[in-house]
$ cat entry07.pdb   # PDB, C-alpha atoms, pLDDT in the B column
ATOM      1  CA  MET F   1      50.598 169.718 -13.998  1.00 68.00           C
ATOM      2  CA  SER F   2      51.471 171.790 -17.069  1.00 82.00           C
ATOM      3  CA  ALA F   3      53.122 175.190 -16.648  1.00 79.00           C
ATOM      4  CA  THR F   4      49.930 177.006 -17.637  1.00 82.00           C
ATOM      5  CA  THR F   5      47.799 174.925 -15.291  1.00 88.00           C
ATOM      6  CA  THR F   6      50.224 175.588 -12.434  1.00 93.00           C
ATOM      7  CA  LYS F   7      50.190 179.332 -13.106  1.00 94.00           C
ATOM      8  CA  GLN F   8      46.409 179.311 -13.234  1.00 92.00           C
ATOM      9  CA  ALA F   9      46.261 177.409  -9.942  1.00 95.00           C
ATOM     10  CA  LEU F  10      48.598 179.939  -8.296  1.00 96.00           C
ATOM     11  CA  ALA F  11      46.501 182.810  -9.686  1.00 94.00           C
ATOM     12  CA  ALA F  12      43.284 181.224  -8.394  1.00 94.00           C
ATOM     13  CA  SER F  13      44.891 180.674  -5.003  1.00 96.00           C
ATOM     14  CA  LEU F  14      45.958 184.319  -4.779  1.00 96.00           C
ATOM     15  CA  LYS F  15      42.455 185.478  -5.687  1.00 93.00           C
ATOM     16  CA  GLN F  16      40.972 183.164  -3.078  1.00 94.00           C
ATOM     17  CA  MET F  17      43.359 184.514  -0.442  1.00 94.00           C
ATOM     18  CA  LEU F  18      42.313 188.079  -1.284  1.00 91.00           C
ATOM     19  CA  LYS F  19      38.813 187.230  -0.077  1.00 89.00           C
ATOM     20  CA  LYS F  20      40.281 186.554   3.377  1.00 89.00           C
ATOM     21  CA  LYS F  21      43.034 189.136   3.802  1.00 90.00           C
ATOM     22  CA  PRO F  22      44.670 192.147   2.123  1.00 89.00           C
ATOM     23  CA  LEU F  23      47.383 191.705  -0.487  1.00 90.00           C
ATOM     24  CA  ASP F  24      50.180 192.989   1.748  1.00 88.00           C
ATOM     25  CA  LYS F  25      49.372 190.248   4.300  1.00 92.00           C
ATOM     26  CA  ILE F  26      49.488 187.381   1.788  1.00 95.00           C
ATOM     27  CA  THR F  27      52.671 185.346   1.575  1.00 96.00           C
ATOM     28  CA  ILE F  28      53.983 183.022  -1.083  1.00 96.00           C
ATOM     29  CA  ARG F  29      53.535 180.235   1.446  1.00 96.00           C
ATOM     30  CA  ASP F  30      49.796 181.117   1.692  1.00 96.00           C
ATOM     31  CA  ILE F  31      49.431 180.990  -2.082  1.00 97.00           C
ATOM     32  CA  CYS F  32      51.295 177.684  -2.363  1.00 97.00           C
ATOM     33  CA  GLU F  33      49.307 176.047   0.425  1.00 95.00           C
ATOM     34  CA  GLY F  34      46.093 177.235  -1.229  1.00 95.00           C
ATOM     35  CA  CYS F  35      46.799 175.229  -4.367  1.00 95.00           C
ATOM     36  CA  ASP F  36      48.943 172.437  -2.997  1.00 94.00           C
ATOM     37  CA  VAL F  37      52.268 173.311  -4.659  1.00 94.00           C
ATOM     38  CA  ASN F  38      55.626 173.936  -3.060  1.00 94.00           C
ATOM     39  CA  ARG F  39      57.510 177.229  -2.909  1.00 94.00           C
ATOM     40  CA  GLN F  40      60.097 175.958  -5.378  1.00 95.00           C
ATOM     41  CA  THR F  41      57.336 175.487  -7.945  1.00 95.00           C
ATOM     42  CA  PHE F  42      56.130 179.036  -7.320  1.00 96.00           C
ATOM     43  CA  TYR F  43      59.647 180.420  -7.847  1.00 96.00           C
ATOM     44  CA  TYR F  44      60.074 178.330 -10.983  1.00 95.00           C
ATOM     45  CA  HIS F  45      57.239 180.350 -12.557  1.00 95.00           C
ATOM     46  CA  PHE F  46      57.325 183.724 -10.771  1.00 96.00           C
ATOM     47  CA  GLN F  47      59.874 185.930  -9.034  1.00 95.00           C
ATOM     48  CA  ASP F  48      57.397 187.152  -6.417  1.00 94.00           C
ATOM     49  CA  ILE F  49      53.712 187.871  -5.820  1.00 94.00           C
ATOM     50  CA  TYR F  50      53.860 191.008  -7.971  1.00 92.00           C
ATOM     51  CA  ASP F  51      55.182 188.973 -10.873  1.00 93.00           C
ATOM     52  CA  LEU F  52      52.156 186.673 -10.464  1.00 94.00           C
ATOM     53  CA  ILE F  53      49.843 189.711 -10.462  1.00 93.00           C
ATOM     54  CA  GLU F  54      51.444 190.989 -13.647  1.00 89.00           C
ATOM     55  CA  TRP F  55      50.962 187.561 -15.245  1.00 91.00           C
ATOM     56  CA  ILE F  56      47.285 187.593 -14.315  1.00 90.00           C
ATOM     57  CA  TYR F  57      46.774 190.972 -15.968  1.00 87.00           C
ATOM     58  CA  THR F  58      48.871 190.278 -19.061  1.00 82.00           C
ATOM     59  CA  ASN F  59      48.028 186.662 -19.774  1.00 78.00           C
ATOM     60  CA  ALA F  60      45.939 186.355 -22.914  1.00 50.00           C
ATOM     61  CA  GLU F  61      43.547 184.068 -21.089  1.00 45.00           C
ATOM     62  CA  TYR F  62      42.607 186.934 -18.811  1.00 51.00           C
ATOM     63  CA  SER F  63      42.250 189.420 -21.635  1.00 63.00           C
ATOM     64  CA  ILE F  64      38.654 190.522 -21.813  1.00 66.00           C
ATOM     65  CA  LEU F  65      38.584 192.162 -25.174  1.00 65.00           C
ATOM     66  CA  ARG F  66      40.650 189.841 -27.327  1.00 68.00           C
ATOM     67  CA  SER F  67      38.073 187.082 -27.322  1.00 67.00           C
ATOM     68  CA  ARG F  68      35.258 189.231 -28.734  1.00 74.00           C
ATOM     69  CA  ARG F  69      34.660 191.751 -31.450  1.00 79.00           C
ATOM     70  CA  PHE F  70      32.765 194.819 -30.289  1.00 84.00           C
ATOM     71  CA  GLU F  71      30.775 197.119 -32.531  1.00 84.00           C
ATOM     72  CA  THR F  72      30.974 200.058 -30.110  1.00 87.00           C
ATOM     73  CA  TRP F  73      33.364 201.235 -27.432  1.00 88.00           C
ATOM     74  CA  GLN F  74      30.417 201.176 -25.017  1.00 91.00           C
ATOM     75  CA  GLU F  75      30.124 197.376 -25.400  1.00 90.00           C
ATOM     76  CA  GLY F  76      33.845 196.974 -24.755  1.00 89.00           C
ATOM     77  CA  MET F  77      33.828 199.300 -21.732  1.00 91.00           C
ATOM     78  CA  ALA F  78      30.822 197.426 -20.339  1.00 92.00           C
ATOM     79  CA  GLU F  79      32.928 194.234 -20.508  1.00 89.00           C
ATOM     80  CA  ILE F  80      35.820 195.925 -18.730  1.00 89.00           C
ATOM     81  CA  PHE F  81      33.504 197.159 -15.962  1.00 92.00           C
ATOM     82  CA  ALA F  82      31.958 193.667 -15.740  1.00 90.00           C
ATOM     83  CA  TYR F  83      35.435 192.131 -15.410  1.00 88.00           C
ATOM     84  CA  ALA F  84      36.272 194.564 -12.594  1.00 90.00           C
ATOM     85  CA  LEU F  85      33.069 193.645 -10.751  1.00 92.00           C
ATOM     86  CA  GLN F  86      33.610 189.921 -11.306  1.00 89.00           C
ATOM     87  CA  GLU F  87      37.168 190.190  -9.970  1.00 89.00           C
ATOM     88  CA  LYS F  88      36.316 192.875  -7.406  1.00 92.00           C
ATOM     89  CA  GLU F  89      38.633 191.684  -4.609  1.00 91.00           C
ATOM     90  CA  PHE F  90      41.556 191.230  -6.981  1.00 91.00           C
ATOM     91  CA  VAL F  91      41.062 194.530  -8.825  1.00 92.00           C
ATOM     92  CA  SER F  92      40.431 196.498  -5.637  1.00 93.00           C
ATOM     93  CA  SER F  93      43.408 194.920  -3.851  1.00 92.00           C
ATOM     94  CA  THR F  94      45.794 195.627  -6.693  1.00 91.00           C
ATOM     95  CA  TYR F  95      44.444 199.166  -7.021  1.00 93.00           C
ATOM     96  CA  HIS F  96      45.248 199.828  -3.359  1.00 91.00           C
ATOM     97  CA  SER F  97      48.740 198.281  -3.477  1.00 89.00           C
ATOM     98  CA  ILE F  98      52.092 198.816  -5.108  1.00 83.00           C
ATOM     99  CA  SER F  99      50.777 196.543  -7.890  1.00 83.00           C
ATOM    100  CA  ARG F 100      48.460 199.313  -9.079  1.00 89.00           C
ATOM    101  CA  GLU F 101      50.707 199.889 -12.092  1.00 91.00           C
ATOM    102  CA  HIS F 102      49.834 196.389 -13.363  1.00 88.00           C
ATOM    103  CA  LEU F 103      46.119 197.149 -13.166  1.00 90.00           C
ATOM    104  CA  GLU F 104      46.555 200.520 -14.849  1.00 93.00           C
ATOM    105  CA  SER F 105      48.757 199.086 -17.579  1.00 90.00           C
ATOM    106  CA  PHE F 106      46.209 196.335 -18.217  1.00 88.00           C
ATOM    107  CA  LEU F 107      43.305 198.802 -18.426  1.00 91.00           C
ATOM    108  CA  TYR F 108      45.197 201.233 -20.661  1.00 93.00           C
ATOM    109  CA  ARG F 109      46.269 198.444 -23.017  1.00 90.00           C
ATOM    110  CA  GLU F 110      42.783 196.914 -23.280  1.00 88.00           C
ATOM    111  CA  THR F 111      41.041 200.277 -23.718  1.00 92.00           C
ATOM    112  CA  PHE F 112      43.547 201.509 -26.320  1.00 93.00           C
ATOM    113  CA  GLN F 113      43.146 198.306 -28.340  1.00 90.00           C
ATOM    114  CA  LEU F 114      39.354 198.607 -28.141  1.00 90.00           C
ATOM    115  CA  LEU F 115      39.370 202.230 -29.280  1.00 90.00           C
ATOM    116  CA  CYS F 116      41.748 201.586 -32.190  1.00 89.00           C
ATOM    117  CA  GLU F 117      39.531 198.752 -33.422  1.00 88.00           C
ATOM    118  CA  ILE F 118      36.382 200.865 -33.136  1.00 87.00           C
ATOM    119  CA  ILE F 119      37.982 203.825 -34.942  1.00 85.00           C
ATOM    120  CA  GLU F 120      39.040 201.504 -37.749  1.00 84.00           C
ATOM    121  CA  ARG F 121      35.743 199.629 -38.006  1.00 83.00           C
ATOM    122  CA  ARG F 122      33.167 202.379 -37.448  1.00 77.00           C
ATOM    123  CA  TYR F 123      34.986 205.413 -38.780  1.00 73.00           C
ATOM    124  CA  GLY F 124      37.284 203.839 -41.365  1.00 72.00           C
ATOM    125  CA  ASP F 125      35.711 205.905 -44.141  1.00 76.00           C
ATOM    126  CA  ILE F 126      37.000 209.099 -42.504  1.00 76.00           C
ATOM    127  CA  ARG F 127      40.613 209.209 -43.662  1.00 77.00           C
ATOM    128  CA  ILE F 128      43.077 210.313 -41.005  1.00 76.00           C
ATOM    129  CA  ASN F 129      46.727 209.504 -40.581  1.00 80.00           C
ATOM    130  CA  GLU F 130      47.965 206.905 -38.104  1.00 86.00           C
ATOM    131  CA  GLU F 131      49.478 209.520 -35.782  1.00 89.00           C
ATOM    132  CA  ASP F 132      46.107 211.277 -35.369  1.00 86.00           C
ATOM    133  CA  LYS F 133      44.325 207.953 -34.878  1.00 87.00           C
ATOM    134  CA  VAL F 134      46.759 207.015 -32.099  1.00 90.00           C
ATOM    135  CA  PHE F 135      46.388 210.481 -30.535  1.00 91.00           C
ATOM    136  CA  LEU F 136      42.602 210.161 -30.466  1.00 88.00           C
ATOM    137  CA  ALA F 137      42.677 206.620 -29.046  1.00 91.00           C
ATOM    138  CA  ASP F 138      45.220 207.740 -26.414  1.00 94.00           C
ATOM    139  CA  PHE F 139      43.124 210.766 -25.443  1.00 92.00           C
ATOM    140  CA  TYR F 140      39.965 208.759 -24.860  1.00 91.00           C
ATOM    141  CA  LYS F 141      41.902 205.883 -23.297  1.00 94.00           C
ATOM    142  CA  TYR F 142      43.134 208.184 -20.546  1.00 95.00           C
ATOM    143  CA  ALA F 143      39.667 209.659 -20.022  1.00 93.00           C
ATOM    144  CA  PHE F 144      37.869 206.304 -19.899  1.00 93.00           C
ATOM    145  CA  VAL F 145      40.439 204.566 -17.698  1.00 95.00           C
ATOM    146  CA  GLY F 146      40.542 207.609 -15.420  1.00 95.00           C
ATOM    147  CA  PHE F 147      36.811 207.288 -14.807  1.00 93.00           C
ATOM    148  CA  LEU F 148      37.119 203.549 -14.311  1.00 95.00           C
ATOM    149  CA  LEU F 149      39.963 203.894 -11.798  1.00 96.00           C
ATOM    150  CA  ASP F 150      38.026 206.540  -9.898  1.00 96.00           C
ATOM    151  CA  TRP F 151      35.066 204.131  -9.799  1.00 97.00           C
ATOM    152  CA  VAL F 152      37.364 201.411  -8.376  1.00 96.00           C
ATOM    153  CA  ARG F 153      38.759 203.878  -5.813  1.00 95.00           C
ATOM    154  CA  LYS F 154      35.217 204.679  -4.660  1.00 96.00           C
ATOM    155  CA  GLY F 155      34.394 201.002  -4.109  1.00 96.00           C
ATOM    156  CA  MET F 156      32.718 200.166  -7.458  1.00 96.00           C
ATOM    157  CA  LYS F 157      29.313 201.226  -6.136  1.00 95.00           C
ATOM    158  CA  GLU F 158      27.898 203.262  -9.024  1.00 95.00           C
ATOM    159  CA  ASP F 159      26.115 201.348 -11.762  1.00 96.00           C
ATOM    160  CA  PRO F 160      28.557 201.056 -14.713  1.00 96.00           C
ATOM    161  CA  THR F 161      25.744 201.539 -17.240  1.00 95.00           C
ATOM    162  CA  ILE F 162      25.103 205.015 -15.804  1.00 94.00           C
ATOM    163  CA  LEU F 163      28.811 205.886 -16.061  1.00 93.00           C
ATOM    164  CA  ILE F 164      29.013 204.601 -19.634  1.00 93.00           C
ATOM    165  CA  HIS F 165      25.897 206.599 -20.548  1.00 92.00           C
ATOM    166  CA  LYS F 166      27.461 209.790 -19.132  1.00 88.00           C
ATOM    167  CA  MET F 167      30.722 209.065 -20.959  1.00 89.00           C
ATOM    168  CA  THR F 168      28.734 208.561 -24.169  1.00 89.00           C
ATOM    169  CA  LEU F 169      26.995 211.933 -23.829  1.00 85.00           C
ATOM    170  CA  VAL F 170      30.333 213.706 -23.533  1.00 81.00           C
ATOM    171  CA  GLN F 171      32.209 211.630 -26.080  1.00 80.00           C
ATOM    172  CA  GLU F 172      29.862 210.889 -28.963  1.00 73.00           C
ATOM    173  CA  SER F 173      29.708 214.203 -30.799  1.00 69.00           C
ATOM    174  CA  SER F 174      33.250 215.272 -29.938  1.00 74.00           C
ATOM    175  CA  PHE F 175      34.699 211.986 -31.235  1.00 71.00           C
ATOM    176  CA  THR F 176      33.138 212.307 -34.692  1.00 72.00           C
ATOM    177  CA  ASP F 177      33.884 216.048 -34.851  1.00 77.00           C
ATOM    178  CA  THR F 178      37.535 215.421 -33.948  1.00 76.00           C
ATOM    179  CA  LEU F 179      37.915 212.700 -36.570  1.00 76.00           C
ATOM    180  CA  GLN F 180      36.378 215.023 -39.173  1.00 77.00           C
ATOM    181  CA  TYR F 181      38.710 217.831 -38.114  1.00 78.00           C
ATOM    182  CA  PHE F 182      41.761 215.570 -38.520  1.00 77.00           C
ATOM    183  CA  ALA F 183      40.483 214.394 -41.923  1.00 78.00           C
ATOM    184  CA  ASN F 184      39.915 217.987 -43.120  1.00 79.00           C
ATOM    185  CA  ALA F 185      43.346 219.059 -41.851  1.00 76.00           C
ATOM    186  CA  ARG F 186      44.866 216.157 -43.781  1.00 67.00           C
ATOM    187  CA  LYS F 187      42.993 217.189 -46.970  1.00 70.00           C
ATOM    188  CA  ARG F 188      44.121 220.811 -46.598  1.00 68.00           C
ATOM    189  CA  LYS F 189      47.728 219.713 -46.076  1.00 69.00           C
ATOM    190  CA  HIS F 190      47.715 217.396 -49.102  1.00 66.00           C
ATOM    191  CA  GLY F 191      45.687 219.820 -51.204  1.00 64.00           C
ATOM    192  CA  SER F 192      48.159 222.658 -50.710  1.00 52.00           C
ATOM    193  CA  ALA F 193      51.215 220.484 -51.359  1.00 46.00           C
TER     194      ALA F 193
END
$ encode --input "entry07.pdb" --output "structure tokens"
Amino acid sequence: MSATTTKQALAASLKQMLKKKPLDKITIRDICEGCDVNRQTFYYHFQDIYDLIEWIYTNAEYSILRSRRFETWQEGMAEIFAYALQEKEFVSSTYHSISREHLESFLYRETFQLLCEIIERRYGDIRINEEDKVFLADFYKYAFVGFLLDWVRKGMKEDPTILIHKMTLVQESSFTDTLQYFANARKRKHGSA
């Protein structure tokens, strides 16, 4: 088995185990038995279960947004919500464990990347400096991921399309207005220099 295939098998085994018991009750032995590898093989690839969880969230293969180009942030957020629902046991278990930081880091990274791409593609004609672009992407990243994490905390029951619609109502006009404000501030600064 190649290193990637082994890691994928260990990840699949962990996810399968999460359907039967909570993360804090799963052992490395359980994971290894679930995919027919020995503990030494596990430790060759990962330090512990949390290292495996981090690999799952950071591995490019598991990246939702890198494989597609989205025209709107709503499309990208819909994919993130869909991923969370598809991997409900895994996402929920990591949210309610000490591995929550890996989930949060993953969501922040994916959402920030999505927002930066959308700002560049859809609003590229509005000239703002890189610092303001990063500020705006960071601001909305924290808002969007905050709503998503709250949705996970509540059991992922509300329809994501309703949440995205509500987020759109709040965000749409303020996003464009903020970009325009930054662009005008930049013009005033350069015009008075």
$ atom_distance --input "entry07.pdb" --atom1 "CA of Met77 in chain F" --atom2 "CA of Tyr108 in chain F"
11.6 Å
$ closest_residue --input "entry07.pdb" --among "F:Ile118, F:Leu179, F:Val145, F:Ala137" --to "Leu163 in chain F" --atoms "all atoms listed in the file"
F:Val145
$ atom_distance --input "entry07.pdb" --atom1 "CA of Ile80 in chain F" --atom2 "CA of Glu158 in chain F"
14.5 Å
$ closest_residue --input "entry07.pdb" --among "F:Gln171, F:Asn129, F:Ser105, F:Ser13" --to "Phe90 in chain F" --atoms "only C-alpha atoms"
F:Ser13
$ closest_residue --input "entry07.pdb" --among "F:Glu71, F:Asp159, F:Asp36, F:Asp132" --to "Ala183 in chain F" --atoms "all atoms listed in the file"
F:Asp132
$ closest_residue --input "entry07.pdb" --among "F:Leu169, F:Ala185, F:Cys32, F:Ile53" --to "Ser97 in chain F" --atoms "all atoms listed in the file"
F:Ile53
$ atom_distance --input "entry07.pdb" --atom1 "CA of Met17 in chain F" --atom2 "CA of Gly34 in chain F"
7.8 Å
$ closest_residue --input "entry07.pdb" --among "F:Phe106, F:Trp55, F:Phe46, F:Phe70" --to "Leu149 in chain F" --atoms "only C-alpha atoms"
F:Phe106
$ residues_around --input "entry07.pdb" --residues "range 2-6 of chain F" --least-positions-apart "4" --cutoff "9 Å" --atoms "all atoms listed in the file" --output "PyMOL selection string"
chain F and resi 10-11+35+37+41-42+45
$ residues_around --input "entry07.pdb" --residues "Gln74 in chain F" --least-positions-apart "6" --cutoff "10 Å" --atoms "only C-alpha atoms" --output "PyMOL selection string"
chain F and resi 80+114-115+161+164-165+167-168
$ closest_residue --input "entry07.pdb" --among "F:Ala143, F:Cys116, F:Ala84, F:Ile98" --to "Glu131 in chain F" --atoms "all atoms listed in the file"
F:Cys116
$ residues_around --input "entry07.pdb" --residues "Tyr140 in chain F" --least-positions-apart "4" --cutoff "10 Å" --atoms "only C-alpha atoms" --output "list of chain:residue names"
F:Thr111, F:Phe112, F:Leu115, F:Phe135, F:Leu136, F:Phe144, F:Val145, F:Gly146, F:Gln171, F:Phe175
$ residues_around --input "entry07.pdb" --residues "range 21-27 of chain F" --least-positions-apart "3" --cutoff "8 Å" --atoms "all atoms listed in the file" --output "PyMOL selection string"
chain F and resi 17-18+30-31+49+93-94+97
$ axis_aligned_box --input "entry07.pdb" --around "range 69-81 of chain F" --padding-each-side "6 Å" --output "AutoDock Vina command-line options"
--center_x 33.0 --center_y 196.5 --center_z -24.2 --size_x 17.7 --size_y 21.5 --size_z 28.6
$ build_atoms --input "entry07.pdb" --residues "range 74-96 of chain F" --atoms "N, CA and C atoms" --output "compact mmCIF listing (two decimals), in the frame of the given file"
# COMPACT_ATOMS: atom_id res chain seq x y z
N GLN F 74 31.26 201.37 -26.19
CA GLN F 74 30.42 201.18 -25.02
C GLN F 74 30.31 199.69 -24.65
N GLU F 75 30.17 198.82 -25.65
CA GLU F 75 30.12 197.38 -25.40
C GLU F 75 31.43 196.91 -24.76
N GLY F 76 32.54 197.36 -25.30
CA GLY F 76 33.84 196.97 -24.76
C GLY F 76 34.06 197.49 -23.34
N MET F 77 33.68 198.75 -23.08
CA MET F 77 33.83 199.30 -21.73
C MET F 77 32.91 198.58 -20.75
N ALA F 78 31.73 198.19 -21.21
CA ALA F 78 30.82 197.43 -20.34
C ALA F 78 31.47 196.11 -19.92
N GLU F 79 32.22 195.47 -20.83
CA GLU F 79 32.93 194.23 -20.51
C GLU F 79 34.05 194.48 -19.51
N ILE F 80 34.74 195.60 -19.66
CA ILE F 80 35.82 195.92 -18.73
C ILE F 80 35.25 196.18 -17.33
N PHE F 81 34.16 196.93 -17.25
CA PHE F 81 33.50 197.16 -15.96
C PHE F 81 33.02 195.83 -15.38
N ALA F 82 32.45 194.97 -16.21
CA ALA F 82 31.96 193.67 -15.74
C ALA F 82 33.11 192.83 -15.20
N TYR F 83 34.26 192.86 -15.88
CA TYR F 83 35.44 192.13 -15.41
C TYR F 83 35.85 192.65 -14.02
N ALA F 84 35.88 193.98 -13.88
CA ALA F 84 36.27 194.56 -12.59
C ALA F 84 35.32 194.13 -11.48
N LEU F 85 34.03 194.09 -11.77
CA LEU F 85 33.07 193.64 -10.75
C LEU F 85 33.22 192.16 -10.45
N GLN F 86 33.44 191.37 -11.49
CA GLN F 86 33.61 189.92 -11.31
C GLN F 86 34.85 189.62 -10.48
N GLU F 87 35.90 190.38 -10.67
CA GLU F 87 37.17 190.19 -9.97
C GLU F 87 37.38 191.31 -8.94
N LYS F 88 36.30 191.70 -8.28
CA LYS F 88 36.32 192.88 -7.41
C LYS F 88 37.43 192.85 -6.36
N GLU F 89 37.60 191.74 -5.65
CA GLU F 89 38.63 191.68 -4.61
C GLU F 89 40.02 191.85 -5.21
N PHE F 90 40.25 191.17 -6.33
CA PHE F 90 41.56 191.23 -6.98
C PHE F 90 41.84 192.64 -7.51
N VAL F 91 40.88 193.20 -8.24
CA VAL F 91 41.06 194.53 -8.82
C VAL F 91 41.22 195.58 -7.72
N SER F 92 40.36 195.53 -6.73
CA SER F 92 40.43 196.50 -5.64
C SER F 92 41.74 196.37 -4.86
N SER F 93 42.15 195.14 -4.59
CA SER F 93 43.41 194.92 -3.85
C SER F 93 44.61 195.42 -4.62
N THR F 94 44.64 195.16 -5.91
CA THR F 94 45.79 195.63 -6.69
C THR F 94 45.75 197.14 -6.87
N TYR F 95 44.55 197.70 -6.94
CA TYR F 95 44.44 199.17 -7.02
C TYR F 95 45.04 199.83 -5.78
N HIS F 96 44.80 199.24 -4.63
CA HIS F 96 45.25 199.83 -3.36
C HIS F 96 46.60 199.27 -2.90
